[in-house]
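Step one of this worksheet: look at the structure below.
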Amino acid sequence: MKLAVVTAGLTQPSSTRLLADRLAEAVTHRTATATGTGTRTGTENGTGTQSGTGTEVRVIELRDLAVDIANNFVTGFPNGRLREAIAAVTEADGLIAVTPIFSGSYSGLFKSFFDVLDNTALTGKPVLIAATGGTARHSLALEHALRPLFAYLRAVVVPTAVYAASEDWGGGHDAFTDGLGERIGRAADELAGLLQHRAPGARRDEGDEGDEEQVVPFEQQLAALRPVE
């Protein structure tokens with residue numbers, strides 16, 4: 001099983017990458033528990049991959065690909081590094097996409113990367129969306145900006161979107177809302193459920209261009225999101 005993680009943090013270290021890592025860890029832990037397999041992950045030169053016997057996590061750091069993405073807009077062709085990142089996302093069984101919030105929406109770098117993808121690259125793919133920001137007042141950007149973006153790309157976005165404001169990293173807990181850990185856990189459960197119920201042939205193998213893509217029925221996707229009693 002392949003899981004791609006796209007993070008658009010601009011600093012190093014960044015809270016965006018930290019949130020992406022926590023989400024990936026939670027998802028892979030749940031898939032490993034369900035399947036009884038291990039997980040390997042890695043990051044290198046914008047994209048990272050390290051195969052294991054269970055979930056293969058591939059992390060795409062967009063800050064390392066900023067110039068490559070800009071050049072793609074000018075030339076119309078991705079270079080080797082960007083082509084590898086695009087392949088990592090399109091070939092993955094699931095996607096975690098995390099962006100910082102600037103001026104009430106996703107960052108330009110984040111949007112630019114998904115602009116270079118083919119419009120059908122994410123069709124039917126389970127996606128978990130998340131964002132970071134300085135204040136909780138920007139949390140609705142997940143619903144009015146990120147969710148419509150991935151809906152346009154025909155991805156299957158899990159119900160729970162995760163937003164982490166600066167105060168969420170301090171360990172405080174609001175009695176009227178779920179803490180960051182609870183939100184991460186709930187979103188991870190939803191994505192892991194979709195990954196486990198995804199049809200084995202939903203991702204087209206290389207060289208099988210003549211085969212029709214298999215789409216998971218909507219009823220089956222909904223059933224994967226129901227909590228197990």
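By convention here, the chains of the structure tokens are called A, B, ... in the order presented, each chain's residues are numbered starting at 1, and ligands are numbered starting at 1 in the order presented.
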
Long-range neighbours of Leu19 of chain A as a PDB file with N, CA and C atoms, in the first residue's frame, 12 Å cut-off, only C-alpha atoms, 2 positions minimum in chain:
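Produced file selection_35.pdb, reproduced below:
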```pdb
ATOM      1  N   VAL A   5       2.439  11.906   0.976  1.00  0.00           N
ATOM      2  CA  VAL A   5       2.239  13.014   1.905  1.00  0.00           C
ATOM      3  C   VAL A   5       2.822  14.270   1.269  1.00  0.00           C
ATOM      4  N   VAL A   6       1.975  15.240   0.966  1.00  0.00           N
ATOM      5  CA  VAL A   6       2.413  16.503   0.381  1.00  0.00           C
ATOM      6  C   VAL A   6       2.365  17.578   1.453  1.00  0.00           C
ATOM      7  N   THR A   7       3.511  18.213   1.721  1.00  0.00           N
ATOM      8  CA  THR A   7       3.578  19.253   2.739  1.00  0.00           C
ATOM      9  C   THR A   7       4.174  20.515   2.134  1.00  0.00           C
ATOM     10  N   ALA A   8       3.516  21.651   2.379  1.00  0.00           N
ATOM     11  CA  ALA A   8       3.906  22.912   1.753  1.00  0.00           C
ATOM     12  C   ALA A   8       4.527  23.893   2.740  1.00  0.00           C
ATOM     13  N   GLY A   9       5.074  23.409   3.836  1.00  0.00           N
ATOM     14  CA  GLY A   9       5.739  24.288   4.785  1.00  0.00           C
ATOM     15  C   GLY A   9       6.949  24.964   4.156  1.00  0.00           C
ATOM     16  N   PRO A  13      12.795  23.620  10.726  1.00  0.00           N
ATOM     17  CA  PRO A  13      11.576  22.810  10.714  1.00  0.00           C
ATOM     18  C   PRO A  13      10.322  23.672  10.583  1.00  0.00           C
ATOM     19  N   SER A  14       9.203  23.039  10.280  1.00  0.00           N
ATOM     20  CA  SER A  14       7.948  23.764  10.129  1.00  0.00           C
ATOM     21  C   SER A  14       6.833  23.016  10.824  1.00  0.00           C
ATOM     22  N   SER A  15       5.851  23.764  11.310  1.00  0.00           N
ATOM     23  CA  SER A  15       4.695  23.127  11.954  1.00  0.00           C
ATOM     24  C   SER A  15       3.881  22.348  10.922  1.00  0.00           C
ATOM     25  N   THR A  16       3.924  22.775   9.664  1.00  0.00           N
ATOM     26  CA  THR A  16       3.205  22.068   8.612  1.00  0.00           C
ATOM     27  C   THR A  16       3.777  20.666   8.419  1.00  0.00           C
ATOM     28  N   ARG A  17       5.100  20.560   8.390  1.00  0.00           N
ATOM     29  CA  ARG A  17       5.722  19.238   8.254  1.00  0.00           C
ATOM     30  C   ARG A  17       5.467  18.403   9.507  1.00  0.00           C
ATOM     31  N   ASP A  21       3.698  14.782   9.466  1.00  0.00           N
ATOM     32  CA  ASP A  21       4.323  13.580  10.015  1.00  0.00           C
ATOM     33  C   ASP A  21       3.414  12.886  11.024  1.00  0.00           C
ATOM     34  N   ARG A  22       2.738  13.679  11.857  1.00  0.00           N
ATOM     35  CA  ARG A  22       1.848  13.082  12.847  1.00  0.00           C
ATOM     36  C   ARG A  22       0.661  12.399  12.181  1.00  0.00           C
ATOM     37  N   LEU A  23       0.133  13.003  11.134  1.00  0.00           N
ATOM     38  CA  LEU A  23      -0.981  12.391  10.411  1.00  0.00           C
ATOM     39  C   LEU A  23      -0.545  11.102   9.727  1.00  0.00           C
ATOM     40  N   ALA A  24       0.619  11.137   9.077  1.00  0.00           N
ATOM     41  CA  ALA A  24       1.120   9.943   8.392  1.00  0.00           C
ATOM     42  C   ALA A  24       1.378   8.815   9.379  1.00  0.00           C
ATOM     43  N   GLU A  25       1.940   9.156  10.538  1.00  0.00           N
ATOM     44  CA  GLU A  25       2.206   8.146  11.556  1.00  0.00           C
ATOM     45  C   GLU A  25       0.914   7.517  12.054  1.00  0.00           C
ATOM     46  N   ALA A  26      -0.106   8.362  12.266  1.00  0.00           N
ATOM     47  CA  ALA A  26      -1.388   7.841  12.761  1.00  0.00           C
ATOM     48  C   ALA A  26      -2.054   6.933  11.733  1.00  0.00           C
ATOM     49  N   ILE A  96      -2.178  12.464   1.831  1.00  0.00           N
ATOM     50  CA  ILE A  96      -2.319  13.444   2.912  1.00  0.00           C
ATOM     51  C   ILE A  96      -1.762  14.759   2.385  1.00  0.00           C
ATOM     52  N   ALA A  97      -2.559  15.808   2.385  1.00  0.00           N
ATOM     53  CA  ALA A  97      -2.147  17.104   1.841  1.00  0.00           C
ATOM     54  C   ALA A  97      -2.234  18.161   2.938  1.00  0.00           C
ATOM     55  N   VAL A  98      -1.095  18.805   3.234  1.00  0.00           N
ATOM     56  CA  VAL A  98      -1.026  19.763   4.343  1.00  0.00           C
ATOM     57  C   VAL A  98      -0.416  21.075   3.845  1.00  0.00           C
ATOM     58  N   THR A  99      -1.059  22.181   4.163  1.00  0.00           N
ATOM     59  CA  THR A  99      -0.579  23.490   3.730  1.00  0.00           C
ATOM     60  C   THR A  99      -0.654  24.497   4.868  1.00  0.00           C
ATOM     61  N   PRO A 100       0.242  25.482   4.897  1.00  0.00           N
ATOM     62  CA  PRO A 100       0.027  26.618   5.796  1.00  0.00           C
ATOM     63  C   PRO A 100      -1.064  27.502   5.202  1.00  0.00           C
ATOM     64  N   LEU A 128      -6.792  13.040   2.741  1.00  0.00           N
ATOM     65  CA  LEU A 128      -6.964  13.690   4.042  1.00  0.00           C
ATOM     66  C   LEU A 128      -6.371  15.088   3.916  1.00  0.00           C
ATOM     67  N   ILE A 129      -7.151  16.128   4.190  1.00  0.00           N
ATOM     68  CA  ILE A 129      -6.671  17.504   4.082  1.00  0.00           C
ATOM     69  C   ILE A 129      -6.392  18.067   5.470  1.00  0.00           C
ATOM     70  N   ALA A 130      -5.350  18.898   5.556  1.00  0.00           N
ATOM     71  CA  ALA A 130      -4.966  19.488   6.832  1.00  0.00           C
ATOM     72  C   ALA A 130      -4.263  20.813   6.578  1.00  0.00           C
ATOM     73  N   ALA A 131      -4.198  21.636   7.615  1.00  0.00           N
ATOM     74  CA  ALA A 131      -3.574  22.951   7.464  1.00  0.00           C
ATOM     75  C   ALA A 131      -3.074  23.450   8.810  1.00  0.00           C
ATOM     76  N   THR A 132      -2.162  24.395   8.750  1.00  0.00           N
ATOM     77  CA  THR A 132      -1.638  25.047   9.948  1.00  0.00           C
ATOM     78  C   THR A 132      -1.770  26.556   9.793  1.00  0.00           C
ATOM     79  N   GLY A 133      -1.850  27.247  10.923  1.00  0.00           N
ATOM     80  CA  GLY A 133      -1.952  28.701  10.887  1.00  0.00           C
ATOM     81  C   GLY A 133      -1.684  29.287  12.258  1.00  0.00           C
ATOM     82  N   VAL A 162      -8.154  18.447   9.430  1.00  0.00           N
ATOM     83  CA  VAL A 162      -7.384  18.755  10.640  1.00  0.00           C
ATOM     84  C   VAL A 162      -6.695  20.102  10.496  1.00  0.00           C
ATOM     85  N   TYR A 163      -6.994  21.000  11.429  1.00  0.00           N
ATOM     86  CA  TYR A 163      -6.343  22.311  11.462  1.00  0.00           C
ATOM     87  C   TYR A 163      -5.580  22.440  12.778  1.00  0.00           C
ATOM     88  N   ALA A 164      -4.352  22.913  12.690  1.00  0.00           N
ATOM     89  CA  ALA A 164      -3.522  23.102  13.881  1.00  0.00           C
ATOM     90  C   ALA A 164      -3.080  24.561  13.967  1.00  0.00           C
ATOM     91  N   ALA A 165      -3.602  25.260  14.965  1.00  0.00           N
ATOM     92  CA  ALA A 165      -3.168  26.629  15.231  1.00  0.00           C
ATOM     93  C   ALA A 165      -1.974  26.598  16.178  1.00  0.00           C
ATOM     94  N   SER A 166      -1.381  27.755  16.381  1.00  0.00           N
ATOM     95  CA  SER A 166      -0.190  27.814  17.230  1.00  0.00           C
ATOM     96  C   SER A 166      -0.450  27.268  18.616  1.00  0.00           C
ATOM     97  N   ASP A 168      -2.400  24.949  19.518  1.00  0.00           N
ATOM     98  CA  ASP A 168      -2.604  23.501  19.551  1.00  0.00           C
ATOM     99  C   ASP A 168      -1.330  22.740  19.884  1.00  0.00           C
ATOM    100  N   TRP A 169      -0.185  23.335  19.608  1.00  0.00           N
ATOM    101  CA  TRP A 169       1.075  22.657  19.872  1.00  0.00           C
ATOM    102  C   TRP A 169       1.502  22.776  21.319  1.00  0.00           C
ATOM    103  N   LEU A 180      -6.063  18.465  19.403  1.00  0.00           N
ATOM    104  CA  LEU A 180      -5.407  18.129  18.143  1.00  0.00           C
ATOM    105  C   LEU A 180      -5.224  16.625  18.004  1.00  0.00           C
ATOM    106  N   GLY A 181      -4.826  15.971  19.077  1.00  0.00           N
ATOM    107  CA  GLY A 181      -4.628  14.525  19.011  1.00  0.00           C
ATOM    108  C   GLY A 181      -5.892  13.777  18.643  1.00  0.00           C
ATOM    109  N   ARG A 183      -8.441  14.980  16.912  1.00  0.00           N
ATOM    110  CA  ARG A 183      -8.770  15.261  15.514  1.00  0.00           C
ATOM    111  C   ARG A 183      -7.884  14.447  14.574  1.00  0.00           C
ATOM    112  N   ILE A 184      -6.605  14.347  14.900  1.00  0.00           N
ATOM    113  CA  ILE A 184      -5.692  13.551  14.087  1.00  0.00           C
ATOM    114  C   ILE A 184      -6.131  12.091  14.077  1.00  0.00           C
TER     115      ILE A 184
END
```

Excluding Asp189 of chain A and its own-chain neighbours fewer than 3 positions away, which residues fall within 9 Å of it when counting only C-alpha atoms? Please give them as a PyMOL selection string. chain A and resi 26-27+30-31+184-186+192-194+225+227

Now that the selection is made, can you save its residues with C-alpha atoms as a PDB file, in the first residue's frame?
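For reference, again33.pdb as written:
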```pdb
ATOM      1  CA  ALA A  26      -1.388   7.841  12.761  1.00  0.00           C
ATOM      2  CA  VAL A  27      -2.630   6.517   9.412  1.00  0.00           C
ATOM      3  CA  ARG A  30      -3.849   2.043  11.896  1.00  0.00           C
ATOM      4  CA  THR A  31      -3.250   0.327   8.566  1.00  0.00           C
ATOM      5  CA  ILE A 184      -5.692  13.551  14.087  1.00  0.00           C
ATOM      6  CA  GLY A 185      -6.906  10.183  15.337  1.00  0.00           C
ATOM      7  CA  ARG A 186     -10.392  10.602  13.905  1.00  0.00           C
ATOM      8  CA  ALA A 192      -7.248   4.188   6.927  1.00  0.00           C
ATOM      9  CA  GLY A 193     -10.784   2.850   6.541  1.00  0.00           C
ATOM     10  CA  LEU A 194     -10.952   4.052   2.944  1.00  0.00           C
ATOM     11  CA  LEU A 225     -16.192   5.629   7.221  1.00  0.00           C
ATOM     12  CA  PRO A 227     -17.038   3.422  13.099  1.00  0.00           C
TER      13      PRO A 227
END
```

Give me, as a ChimeraX atom specification, all polymer residues having an atom no more than 8 Å from Val158 of chain A, counting only C-alpha atoms and skipping those fewer than 4 positions away in the same chain. /A:126-129,187,190-191

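Take atom CA of Thr55 of chain A and atom CA of Met1 of chain A: the distance between them is 4.8 Å.
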
With DSSP run on the backbone, what are the alpha helix (DSSP H) residues within segment 69-142 of chain A? I'd like them as a PyMOL selection string. chain A and resi 69-75+80-90+108-115+141

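Nearest-residue note for Leu18 of chain A: choosing from A:Leu146, A:Glu61, A:Glu56, A:Ala141, the minimum distance belongs to A:Glu61, counting only C-alpha atoms.
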
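Counting from atom CA of Gly94 of chain A, the distance to atom CA of Leu142 of chain A is 18.3 Å.
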
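Minimum atom-to-atom distance to His29 of chain A, evaluated using only C-alpha atoms, belongs to A:Val57 out of A:Ala136, A:Val89, A:Val67, A:Val57.
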
Extract, using only C-alpha atoms, all DNA, RNA and protein residues at most 8 Å from His197 of chain A, discarding same-chain residues fewer than 2 positions from it, and format them as a list in words.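 After dropping sequence-adjacent residues, the list is Gly193, Leu194, Leu195, Ala199, Gln220, Gln221 and Ala224 of chain A.
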
What does the file look like for those residues with N, CA and C atoms, as a PDB file, in the first residue's frame?
```
ATOM      1  N   GLY A 193      -9.621   3.637   6.924  1.00  0.00           N
ATOM      2  CA  GLY A 193     -10.784   2.850   6.541  1.00  0.00           C
ATOM      3  C   GLY A 193     -10.986   2.834   5.034  1.00  0.00           C
ATOM      4  N   LEU A 194     -10.812   3.998   4.399  1.00  0.00           N
ATOM      5  CA  LEU A 194     -10.952   4.052   2.944  1.00  0.00           C
ATOM      6  C   LEU A 194      -9.848   3.269   2.249  1.00  0.00           C
ATOM      7  N   LEU A 195      -8.637   3.357   2.768  1.00  0.00           N
ATOM      8  CA  LEU A 195      -7.519   2.635   2.162  1.00  0.00           C
ATOM      9  C   LEU A 195      -7.722   1.129   2.243  1.00  0.00           C
ATOM     10  N   ALA A 199     -10.745  -0.877  -3.659  1.00  0.00           N
ATOM     11  CA  ALA A 199     -10.651  -2.053  -4.534  1.00  0.00           C
ATOM     12  C   ALA A 199      -9.204  -2.284  -4.930  1.00  0.00           C
ATOM     13  N   GLN A 220     -19.778   1.689  -0.760  1.00  0.00           N
ATOM     14  CA  GLN A 220     -18.647   1.036  -0.103  1.00  0.00           C
ATOM     15  C   GLN A 220     -17.737   2.067   0.570  1.00  0.00           C
ATOM     16  N   GLN A 221     -17.584   3.243  -0.062  1.00  0.00           N
ATOM     17  CA  GLN A 221     -16.784   4.303   0.547  1.00  0.00           C
ATOM     18  C   GLN A 221     -17.432   4.801   1.834  1.00  0.00           C
ATOM     19  N   ALA A 224     -16.942   2.394   4.697  1.00  0.00           N
ATOM     20  CA  ALA A 224     -15.592   2.419   5.258  1.00  0.00           C
ATOM     21  C   ALA A 224     -15.440   3.503   6.313  1.00  0.00           C
TER      22      ALA A 224
END
```
